[in-house]
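Everything below belongs to model-v2.cif, which stores mmCIF, C-alpha atoms.
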data_work
#
loop_
_atom_site.group_PDB
_atom_site.id
_atom_site.type_symbol
_atom_site.label_atom_id
_atom_site.label_comp_id
_atom_site.auth_asym_id
_atom_site.auth_seq_id
_atom_site.Cartn_x
_atom_site.Cartn_y
_atom_site.Cartn_z
ATOM 1 C CA MET Z 80 0.000 0.000 0.000
ATOM 2 C CA ASP Z 81 1.191 3.521 -0.820
ATOM 3 C CA PRO Z 82 2.581 5.018 2.408
ATOM 4 C CA ILE Z 83 0.973 8.384 1.639
ATOM 5 C CA PHE Z 84 -2.412 6.700 1.055
ATOM 6 C CA HIS Z 85 -1.988 4.658 4.238
ATOM 7 C CA PHE Z 86 -1.160 7.813 6.248
ATOM 8 C CA ALA Z 87 -4.189 9.645 4.810
ATOM 9 C CA ALA Z 88 -6.473 6.729 5.709
ATOM 10 C CA MET Z 89 -5.157 6.668 9.265
ATOM 11 C CA HIS Z 90 -5.586 10.431 9.484
ATOM 12 C CA ARG Z 91 -9.237 10.170 8.418
ATOM 13 C CA HIS Z 92 -9.817 7.377 10.935
ATOM 14 C CA VAL Z 93 -8.326 9.455 13.775
ATOM 15 C CA LEU Z 94 -10.462 12.447 12.780
ATOM 16 C CA ALA Z 95 -13.594 10.262 12.794
ATOM 17 C CA ILE Z 96 -12.841 9.034 16.328
ATOM 18 C CA ALA Z 97 -12.157 12.607 17.487
ATOM 19 C CA LYS Z 98 -15.472 13.774 16.042
ATOM 20 C CA GLN Z 99 -17.303 10.975 17.846
ATOM 21 C CA CYS Z 100 -15.685 11.926 21.151
ATOM 22 C CA LEU Z 101 -16.501 15.596 20.617
ATOM 23 C CA ALA Z 102 -20.097 14.730 19.709
ATOM 24 C CA ALA Z 103 -20.435 12.639 22.870
ATOM 25 C CA GLN Z 104 -19.203 15.517 25.003
ATOM 26 C CA LEU Z 105 -21.537 17.992 23.334
ATOM 27 C CA LEU Z 106 -24.491 15.638 23.592
ATOM 28 C CA PHE Z 107 -23.889 15.258 27.305
ATOM 29 C CA ALA Z 108 -23.729 19.030 27.681
ATOM 30 C CA GLY Z 109 -26.999 19.311 25.795
ATOM 31 C CA VAL Z 110 -25.593 21.014 22.708
ATOM 32 C CA ALA Z 111 -26.242 19.044 19.536
ATOM 33 C CA LEU Z 112 -24.256 19.688 16.379
ATOM 34 C CA GLY Z 113 -26.951 21.570 14.475
ATOM 35 C CA SER Z 114 -29.675 19.168 15.612
ATOM 36 C CA PRO Z 115 -32.767 20.985 16.945
ATOM 37 C CA ALA Z 116 -34.306 17.690 18.057
ATOM 38 C CA LEU Z 117 -31.469 17.001 20.511
ATOM 39 C CA LEU Z 118 -31.467 20.591 21.684
ATOM 40 C CA GLY Z 119 -35.160 20.237 22.424
ATOM 41 C CA ALA Z 120 -34.420 17.097 24.429
ATOM 42 C CA GLN Z 121 -32.009 19.081 26.607
ATOM 43 C CA GLU Z 122 -34.645 21.756 27.157
ATOM 44 C CA ILE Z 123 -36.990 19.028 28.367
ATOM 45 C CA ALA Z 124 -34.329 17.752 30.751
ATOM 46 C CA ASP Z 125 -33.620 21.248 32.109
ATOM 47 C CA ALA Z 126 -36.996 22.964 32.425
ATOM 48 C CA GLY Z 127 -40.092 20.940 31.855
ATOM 49 C CA ALA Z 128 -39.178 17.290 32.395
ATOM 50 C CA GLN Z 129 -42.221 16.814 34.603
ATOM 51 C CA ARG Z 130 -44.555 17.633 31.697
ATOM 52 C CA ALA Z 131 -42.556 15.918 28.982
ATOM 53 C CA SER Z 132 -44.606 13.824 26.587
ATOM 54 C CA ARG Z 133 -44.008 10.102 26.166
ATOM 55 C CA ALA Z 134 -42.465 10.705 22.739
ATOM 56 C CA ASP Z 135 -40.116 13.346 24.195
ATOM 57 C CA LEU Z 136 -39.007 10.993 26.967
ATOM 58 C CA VAL Z 137 -38.391 8.170 24.502
ATOM 59 C CA ALA Z 138 -36.285 10.524 22.350
ATOM 60 C CA LEU Z 139 -34.372 11.794 25.394
ATOM 61 C CA LYS Z 140 -33.652 8.251 26.576
ATOM 62 C CA ALA Z 141 -32.372 7.341 23.098
ATOM 63 C CA THR Z 142 -30.033 10.346 23.223
ATOM 64 C CA ILE Z 143 -28.691 9.369 26.652
ATOM 65 C CA ASP Z 144 -28.288 5.707 25.644
ATOM 66 C CA ASN Z 145 -26.350 6.910 22.596
ATOM 67 C CA GLN Z 146 -23.978 8.794 24.886
ATOM 68 C CA ILE Z 147 -23.408 5.585 26.862
ATOM 69 C CA ALA Z 148 -22.767 3.632 23.654
ATOM 70 C CA LEU Z 149 -20.177 6.205 22.547
ATOM 71 C CA GLY Z 150 -18.065 5.278 25.560
ATOM 72 C CA ILE Z 151 -18.364 8.050 28.153
ATOM 73 C CA THR Z 152 -16.755 7.135 31.458
ATOM 74 C CA GLY Z 153 -16.558 8.082 35.097
ATOM 75 C CA GLU Z 154 -19.106 10.351 36.717
ATOM 76 C CA ARG Z 155 -20.770 11.195 33.411
ATOM 77 C CA LEU Z 156 -21.395 7.501 32.742
ATOM 78 C CA ARG Z 157 -22.970 7.011 36.188
ATOM 79 C CA GLU Z 158 -25.169 10.073 35.710
ATOM 80 C CA ALA Z 159 -26.215 8.959 32.216
ATOM 81 C CA ARG Z 160 -27.155 5.480 33.473
ATOM 82 C CA PHE Z 161 -29.122 7.006 36.361
ATOM 83 C CA ARG Z 162 -31.054 9.324 34.030
ATOM 84 C CA SER Z 163 -31.748 6.512 31.577
ATOM 85 C CA SER Z 164 -33.110 4.208 34.302
ATOM 86 C CA ALA Z 165 -35.194 7.060 35.757
ATOM 87 C CA ILE Z 166 -36.796 7.716 32.366
ATOM 88 C CA THR Z 167 -37.446 3.985 31.907
ATOM 89 C CA ALA Z 168 -39.221 3.915 35.284
ATOM 90 C CA ARG Z 169 -41.372 6.908 34.275
ATOM 91 C CA LEU Z 170 -42.327 5.309 30.971
ATOM 92 C CA GLU Z 171 -43.293 2.039 32.677
ATOM 93 C CA HIS Z 172 -44.900 3.219 35.923
ATOM 94 C CA GLY Z 173 -45.957 6.802 35.187
ATOM 95 C CA ASP Z 174 -45.413 9.944 37.246
ATOM 96 C CA PHE Z 175 -47.841 9.488 40.134
ATOM 97 C CA LYS Z 176 -47.376 8.118 43.634
ATOM 98 C CA ILE Z 177 -49.757 7.168 46.407
ATOM 99 C CA GLY Z 178 -50.715 10.329 48.302
ATOM 100 C CA ASP Z 179 -50.354 12.692 45.329
ATOM 101 C CA ARG Z 180 -53.107 15.266 44.945
ATOM 102 C CA PHE Z 181 -54.417 17.359 42.088
ATOM 103 C CA LEU Z 182 -57.166 19.900 41.548
ATOM 104 C CA LEU Z 183 -59.894 18.874 39.126
ATOM 105 C CA SER Z 184 -61.682 21.632 37.252
ATOM 106 C CA ILE Z 185 -64.741 20.038 35.611
ATOM 107 C CA GLN Z 186 -66.709 22.309 33.284
ATOM 108 C CA GLN Z 187 -70.197 21.394 32.182
ATOM 109 C CA GLY Z 188 -72.121 24.644 32.016
ATOM 110 C CA ASP Z 189 -70.648 25.947 35.287
ATOM 111 C CA VAL Z 190 -67.209 25.149 36.641
ATOM 112 C CA LYS Z 191 -66.791 22.780 39.556
ATOM 113 C CA VAL Z 192 -63.466 22.392 41.318
ATOM 114 C CA ASP Z 193 -62.591 19.390 43.479
ATOM 115 C CA THR Z 194 -59.445 17.968 45.034
ATOM 116 C CA ALA Z 195 -58.588 14.374 44.194
ATOM 117 C CA SER Z 196 -56.020 12.117 45.863
ATOM 118 C CA VAL Z 197 -54.171 9.075 44.566
ATOM 119 C CA ARG Z 198 -55.139 6.113 46.748
ATOM 120 C CA ASP Z 199 -53.580 2.686 47.080
ATOM 121 C CA SER Z 200 -53.400 0.723 43.840
ATOM 122 C CA MET Z 201 -53.114 4.106 42.053
ATOM 123 C CA TRP Z 202 -56.876 4.781 41.925
ATOM 124 C CA VAL Z 203 -58.399 8.256 42.107
ATOM 125 C CA THR Z 204 -61.938 9.003 43.284
ATOM 126 C CA ILE Z 205 -63.840 11.527 41.149
ATOM 127 C CA PRO Z 206 -67.043 12.838 42.802
ATOM 128 C CA SER Z 207 -70.236 11.316 41.314
ATOM 129 C CA LEU Z 208 -68.205 9.288 38.801
ATOM 130 C CA PRO Z 209 -66.467 5.894 38.751
ATOM 131 C CA ASP Z 210 -62.864 5.763 39.964
ATOM 132 C CA PHE Z 211 -60.019 6.509 37.598
ATOM 133 C CA THR Z 212 -56.558 4.903 37.601
ATOM 134 C CA VAL Z 213 -53.331 6.820 37.074
ATOM 135 C CA ALA Z 214 -51.123 3.722 36.917
ATOM 136 C CA GLY Z 215 -48.596 4.213 34.119
ATOM 137 C CA VAL Z 216 -49.889 7.728 33.345
ATOM 138 C CA LEU Z 217 -47.469 10.618 32.761
ATOM 139 C CA ARG Z 218 -48.321 14.141 33.875
ATOM 140 C CA SER Z 219 -48.484 15.251 30.268
ATOM 141 C CA GLU Z 220 -51.118 12.549 29.629
ATOM 142 C CA LEU Z 221 -53.348 13.237 32.630
ATOM 143 C CA ASP Z 222 -55.753 15.757 31.038
ATOM 144 C CA ALA Z 223 -56.333 13.596 27.962
ATOM 145 C CA LYS Z 224 -56.859 10.445 30.062
ATOM 146 C CA LEU Z 225 -59.290 12.241 32.384
ATOM 147 C CA ASN Z 226 -61.285 13.748 29.512
ATOM 148 C CA ALA Z 227 -61.544 10.337 27.848
ATOM 149 C CA HIS Z 228 -62.728 8.822 31.135
ATOM 150 C CA ILE Z 229 -65.275 11.537 31.956
ATOM 151 C CA SER Z 230 -66.634 11.769 28.407
ATOM 152 C CA ARG Z 231 -68.012 8.235 28.841
ATOM 153 C CA TYR Z 232 -70.312 9.470 31.612
ATOM 154 C CA LEU Z 233 -70.806 13.220 31.052
ATOM 155 C CA LYS Z 234 -71.626 14.864 27.739
ATOM 156 C CA ASN Z 235 -70.037 18.152 26.696
ATOM 157 C CA ALA Z 236 -67.836 18.153 29.778
ATOM 158 C CA THR Z 237 -64.189 19.119 29.879
ATOM 159 C CA VAL Z 238 -61.763 18.594 32.715
ATOM 160 C CA ARG Z 239 -58.427 20.097 33.578
ATOM 161 C CA ALA Z 240 -56.113 18.800 36.279
ATOM 162 C CA THR Z 241 -53.511 20.760 38.211
ATOM 163 C CA VAL Z 242 -51.092 18.386 39.892
ATOM 164 C CA LEU Z 243 -49.949 19.482 43.346
ATOM 165 C CA THR Z 244 -46.459 18.773 44.644
ATOM 166 C CA ARG Z 245 -46.140 17.556 48.240
ATOM 167 C CA VAL Z 246 -43.026 19.041 49.831
ATOM 168 C CA ALA Z 247 -41.623 19.350 53.338
ATOM 169 C CA ILE Z 248 -40.676 22.951 54.158
ATOM 170 C CA LEU Z 249 -38.233 22.826 57.058
ATOM 171 C CA GLY Z 250 -35.672 24.947 58.834
ATOM 172 C CA ALA Z 251 -35.963 28.651 59.631
ATOM 173 C CA VAL Z 252 -39.660 29.146 58.823
ATOM 174 C CA GLN Z 253 -42.593 30.004 61.073
ATOM 175 C CA ALA Z 254 -44.627 26.849 60.420
ATOM 176 C CA PRO Z 255 -42.473 23.950 59.184
ATOM 177 C CA GLY Z 256 -44.339 20.936 57.841
ATOM 178 C CA PHE Z 257 -45.687 19.219 54.735
ATOM 179 C CA TYR Z 258 -47.536 21.282 52.131
ATOM 180 C CA TYR Z 259 -49.240 20.669 48.792
ATOM 181 C CA VAL Z 260 -48.267 23.405 46.344
ATOM 182 C CA SER Z 261 -48.714 24.071 42.646
ATOM 183 C CA PRO Z 262 -45.551 23.230 40.655
ATOM 184 C CA ASP Z 263 -45.740 26.511 38.704
ATOM 185 C CA ARG Z 264 -45.146 28.590 41.839
ATOM 186 C CA PRO Z 265 -41.741 30.252 42.315
ATOM 187 C CA ILE Z 266 -39.511 28.630 44.883
ATOM 188 C CA SER Z 267 -39.513 31.910 46.840
ATOM 189 C CA ASP Z 268 -43.265 31.564 47.499
ATOM 190 C CA LEU Z 269 -42.769 28.414 49.526
ATOM 191 C CA VAL Z 270 -41.349 30.337 52.466
ATOM 192 C CA MET Z 271 -44.597 32.318 52.702
ATOM 193 C CA THR Z 272 -46.593 29.092 52.400
ATOM 194 C CA ALA Z 273 -44.898 27.957 55.612
ATOM 195 C CA GLY Z 274 -45.873 31.137 57.452
ATOM 196 C CA GLY Z 275 -42.959 33.277 56.331
ATOM 197 C CA PRO Z 276 -39.314 33.337 57.391
ATOM 198 C CA ALA Z 277 -38.310 32.922 61.014
ATOM 199 C CA GLY Z 278 -36.403 35.696 62.741
ATOM 200 C CA ASN Z 279 -33.059 34.013 62.117
ATOM 201 C CA ALA Z 280 -33.765 32.920 58.515
ATOM 202 C CA ASN Z 281 -31.208 33.468 55.774
ATOM 203 C CA ILE Z 282 -33.825 33.861 53.065
ATOM 204 C CA ARG Z 283 -31.279 33.825 50.219
ATOM 205 C CA LYS Z 284 -30.028 30.384 51.196
ATOM 206 C CA LEU Z 285 -32.078 27.238 50.997
ATOM 207 C CA GLU Z 286 -31.480 23.732 49.714
ATOM 208 C CA ILE Z 287 -33.657 21.084 48.121
ATOM 209 C CA VAL Z 288 -32.993 17.507 49.246
ATOM 210 C CA ARG Z 289 -34.386 14.245 47.842
ATOM 211 C CA GLY Z 290 -33.508 11.426 50.203
ATOM 212 C CA LYS Z 291 -29.728 11.658 50.491
ATOM 213 C CA VAL Z 292 -29.291 13.606 47.247
ATOM 214 C CA VAL Z 293 -29.006 17.418 47.245
ATOM 215 C CA VAL Z 294 -31.065 18.577 44.248
ATOM 216 C CA LEU Z 295 -30.278 22.277 44.771
ATOM 217 C CA ALA Z 296 -27.351 23.330 46.959
ATOM 218 C CA SER Z 297 -27.690 26.415 49.142
ATOM 219 C CA LYS Z 298 -24.770 28.050 47.299
ATOM 220 C CA LYS Z 299 -26.825 28.058 44.079
ATOM 221 C CA SER Z 300 -30.192 28.947 45.585
ATOM 222 C CA ALA Z 301 -29.718 32.726 45.392
ATOM 223 C CA ALA Z 302 -29.753 32.639 41.574
ATOM 224 C CA ALA Z 303 -32.870 30.423 41.561
ATOM 225 C CA LEU Z 304 -34.640 32.849 43.916
ATOM 226 C CA GLU Z 305 -33.636 35.939 41.925
ATOM 227 C CA ASN Z 306 -34.682 34.408 38.587
ATOM 228 C CA GLY Z 307 -38.057 33.300 39.920
ATOM 229 C CA ARG Z 308 -37.436 29.635 39.128
ATOM 230 C CA THR Z 309 -40.507 27.490 39.741
ATOM 231 C CA LEU Z 310 -40.738 24.117 41.442
ATOM 232 C CA GLU Z 311 -41.218 22.456 38.080
ATOM 233 C CA GLN Z 312 -38.195 24.183 36.551
ATOM 234 C CA LEU Z 313 -36.081 23.008 39.482
ATOM 235 C CA ASP Z 314 -37.593 19.499 39.135
ATOM 236 C CA VAL Z 315 -38.950 19.525 42.696
ATOM 237 C CA GLN Z 316 -40.891 16.280 43.172
ATOM 238 C CA SER Z 317 -43.361 15.024 45.751
ATOM 239 C CA GLY Z 318 -41.520 13.986 48.895
ATOM 240 C CA ASP Z 319 -38.637 16.452 48.464
ATOM 241 C CA GLU Z 320 -37.474 18.571 51.408
ATOM 242 C CA ILE Z 321 -36.902 22.319 51.109
ATOM 243 C CA ARG Z 322 -34.702 23.512 53.955
ATOM 244 C CA VAL Z 323 -34.298 27.198 54.757
ATOM 245 C CA GLU Z 324 -30.969 27.975 56.383
ATOM 246 C CA ALA Z 325 -30.692 29.931 59.616
ATOM 247 C CA ARG Z 326 -28.224 32.773 60.014
ATOM 248 C CA ARG Z 327 -25.242 31.904 62.133
ATOM 249 C CA ASP Z 328 -25.436 34.809 64.569
ATOM 250 C CA LEU Z 329 -22.599 35.276 67.018
ATOM 251 C CA ASN Z 330 -23.320 34.186 70.573
ATOM 252 C CA TRP Z 331 -21.629 36.981 72.513
ATOM 253 C CA ASN Z 332 -22.052 35.249 75.863
ATOM 254 C CA VAL Z 333 -20.109 32.235 74.626
ATOM 255 C CA ILE Z 334 -17.490 34.468 72.990
ATOM 256 C CA LEU Z 335 -17.031 36.478 76.213
ATOM 257 C CA ARG Z 336 -16.596 33.308 78.249
ATOM 258 C CA LEU Z 337 -14.010 31.983 75.790
ATOM 259 C CA VAL Z 338 -12.102 35.267 75.874
ATOM 260 C CA LEU Z 339 -12.083 35.291 79.704
ATOM 261 C CA LEU Z 340 -10.962 31.670 79.733
ATOM 262 C CA ALA Z 341 -8.145 32.444 77.272
ATOM 263 C CA VAL Z 342 -7.040 35.444 79.371
ATOM 264 C CA GLY Z 343 -7.081 33.315 82.544
ATOM 265 C CA VAL Z 344 -5.005 30.591 80.873
ATOM 266 C CA PHE Z 345 -2.583 33.228 79.537
ATOM 267 C CA PHE Z 346 -1.962 34.789 82.955
ATOM 268 C CA SER Z 347 -1.718 31.374 84.602
ATOM 269 C CA LEU Z 348 0.965 30.452 82.079
ATOM 270 C CA LEU Z 349 2.846 33.692 82.800
ATOM 271 C CA GLN Z 350 2.753 32.975 86.535
ATOM 272 C CA PHE Z 351 4.001 29.441 85.961
ATOM 273 C CA LEU Z 352 6.885 30.652 83.786
ATOM 274 C CA GLN Z 353 7.767 33.312 86.332
ATOM 275 C CA TRP Z 354 7.806 30.713 89.137
ATOM 276 C CA TYR Z 355 9.850 28.326 86.993
ATOM 277 C CA TYR Z 356 12.572 30.847 86.148
ATOM 278 C CA ASN Z 357 12.710 32.132 89.720
ATOM 279 C CA ARG Z 358 13.302 28.573 90.861
ATOM 280 C CA GLN Z 359 16.168 28.200 88.397
ATOM 281 C CA ASP Z 360 17.930 31.163 89.975
ATOM 282 C CA PHE Z 361 18.308 29.392 93.342
#
Please render this file's structure as C-alpha cells.
Amino acid sequence: MDPIFHFAAMHRHVLAIAKQCLAAQLLFAGVALGSPALLGAQEIADAGAQRASRADLVALKATIDNQIALGITGERLREARFRSSAITARLEHGDFKIGDRFLLSIQQGDVKVDTASVRDSMWVTIPSLPDFTVAGVLRSELDAKLNAHISRYLKNATVRATVLTRVAILGAVQAPGFYYVSPDRPISDLVMTAGGPAGNANIRKLEIVRGKVVVLASKKSAAALENGRTLEQLDVQSGDEIRVEARRDLNWNVILRLVLLAVGVFFSLLQFLQWYYNRQDF
C-alpha cells in the first residue's frame, strides 16, 4: 500500500474518532451539532421534564443511551445510566405516587373544582363518577386520560387537572411541615406558604434535598430565587425537602466566656513561667 495513502487513511480514521468523542461531550452538555431535536431534548431535561410527553421521553432516553454507547466514562457515565433508568421507570410506571393530589376543574355549564387524591393501587376518586386509575400515566397525559374517562359518563364536559407537589418545608420558617403546592409557583413563594421566614432565617439560602441527594445546593439557591425559578423548573418532586438555612449569629455570651478563659489561661501560664525561672535562679 502507498505510504501516503496509508497515512491519509489513518488520518481520516483518527479524525472520525475525534469527532465521535466531541459529539459525545456535546451531547452530554446538551448542545447538539446543528440538531434541533437534541437541543429540544435538553430543554426538556432542564426545564419541563415533569410535563414531557411520552415521545419526548423516549427521544431523550435514546439520546442518553447513545452517549453511553459512545463510551463516556466516570461520573458522566454514572449520571447517564441514572437518568436513563429514571426515564425507563417513568415510561413504565408513570409519574404518580400514592398520596399525590391534584385539583380537578370540571366544566359542564358551570365550573366545579374538586381535590382528588391518589389512593392505594393508584386509583383516584372523582365525585359522582367511577374511579379513575393513574397507573402508568405521565403528567403530560393526565388531562387527555381524564377527559376520555369523563366523556363516557358526562356529555359536553371538559376537565383540567392541576397536579400538586407535596413538599416538606423545614428549617428557619414560622410553620415547618408538609404542604401541597402548585408546581408553577416560584420557589420563593414556599417560604410564605410555611408562614414566612423565622427571625433568624437566611432567606437567600435554601437547599432542596431528595432522600440523600441534594437537588439544589444552598450556594446556588440565590440565583434560583432571583430568577423566579418554579418548582417544576427546578424538578422539585413530591416527597422532596426544602430547607431554609438559619443565620449563624454570634453568641456573645459564649465568645465572652471563651475570651475570659483564654485570658485566665494566659496569665496562669505567665505565673508558671515566672515561678519556673525564679526557681532556676536558686
Which residues match the PyMOL selection byres ((chain Z and resi 301-309) around 9) in the file above, as a list in words? Pro262, Asp263, Arg264, Pro265, Ile266, Ser267, Ile282, Arg283, Lys284, Leu285, Ser297, Lys298, Lys299, Ser300, Leu310, Glu311, Gln312, Leu313, Asp314 and Val315 of chain Z
Identify all residues satisfying the PyMOL selection byres ((chain Z and resi 202) around 9) in the given file; provide them as an NGL selection string. :Z and (177 or 196-201 or 203-204 or 210-214)
Report, in Å with one decimal, the straight-line distance from CA of Gly275 (chain Z) to CA of Arg245 (chain Z).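 Taking CA of Gly275 (chain Z) as the start and CA of Arg245 (chain Z) as the end point, the length is 18.0 Å.
The two atoms in question, CA of Asn279 (chain Z) and CA of Pro255 (chain Z), are spaced 14.1 Å apart.
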Please identify all polymer residues within 10 Å of region 229-238 of chain Z, counting all atoms listed in the file, omitting same-chain residues fewer than 3 positions from it, and present them as a list in words. Leu183, Ser184, Ile185, Gln186, Gln187, Gly188, Asp189, Val190, Lys191, Val192, Ile205, Ser207, Leu208, Pro209, Phe211, Leu221, Asp222, Ala223, Lys224, Leu225 and Asn226 of chain Z
Evaluate the PyMOL selection byres ((chain Z and resi 286-292) around 6) here and jot the selected residues down as an mmCIF file with C-alpha atoms, in the coordinates of the input.
data_model
loop_
_atom_site.group_PDB
_atom_site.id
_atom_site.type_symbol
_atom_site.label_atom_id
_atom_site.label_comp_id
_atom_site.auth_asym_id
_atom_site.auth_seq_id
_atom_site.Cartn_x
_atom_site.Cartn_y
_atom_site.Cartn_z
ATOM 1 C CA LEU Z 285 -32.078 27.238 50.997
ATOM 2 C CA VAL Z 293 -29.006 17.418 47.245
ATOM 3 C CA VAL Z 294 -31.065 18.577 44.248
ATOM 4 C CA LEU Z 295 -30.278 22.277 44.771
ATOM 5 C CA ALA Z 296 -27.351 23.330 46.959
ATOM 6 C CA SER Z 297 -27.690 26.415 49.142
ATOM 7 C CA ASP Z 319 -38.637 16.452 48.464
ATOM 8 C CA GLU Z 320 -37.474 18.571 51.408
ATOM 9 C CA ILE Z 321 -36.902 22.319 51.109
ATOM 10 C CA ARG Z 322 -34.702 23.512 53.955
#
Padding of 3 Å on every side, edges along x, y and z, all listed atoms of region 260-267 of chain Z included: what centre and edge lengths in Å, to one decimal, does that box have, as JSON?
{"center_x": -44.1, "center_y": 27.6, "center_z": 42.8, "size_x": 15.2, "size_y": 14.7, "size_z": 14.1}
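Minimum distance to Ala168 (chain Z) across Z:Val323, Z:Ala141, Z:Ile151, Z:Leu217 (counting only C-alpha atoms) occurs at Z:Leu217.
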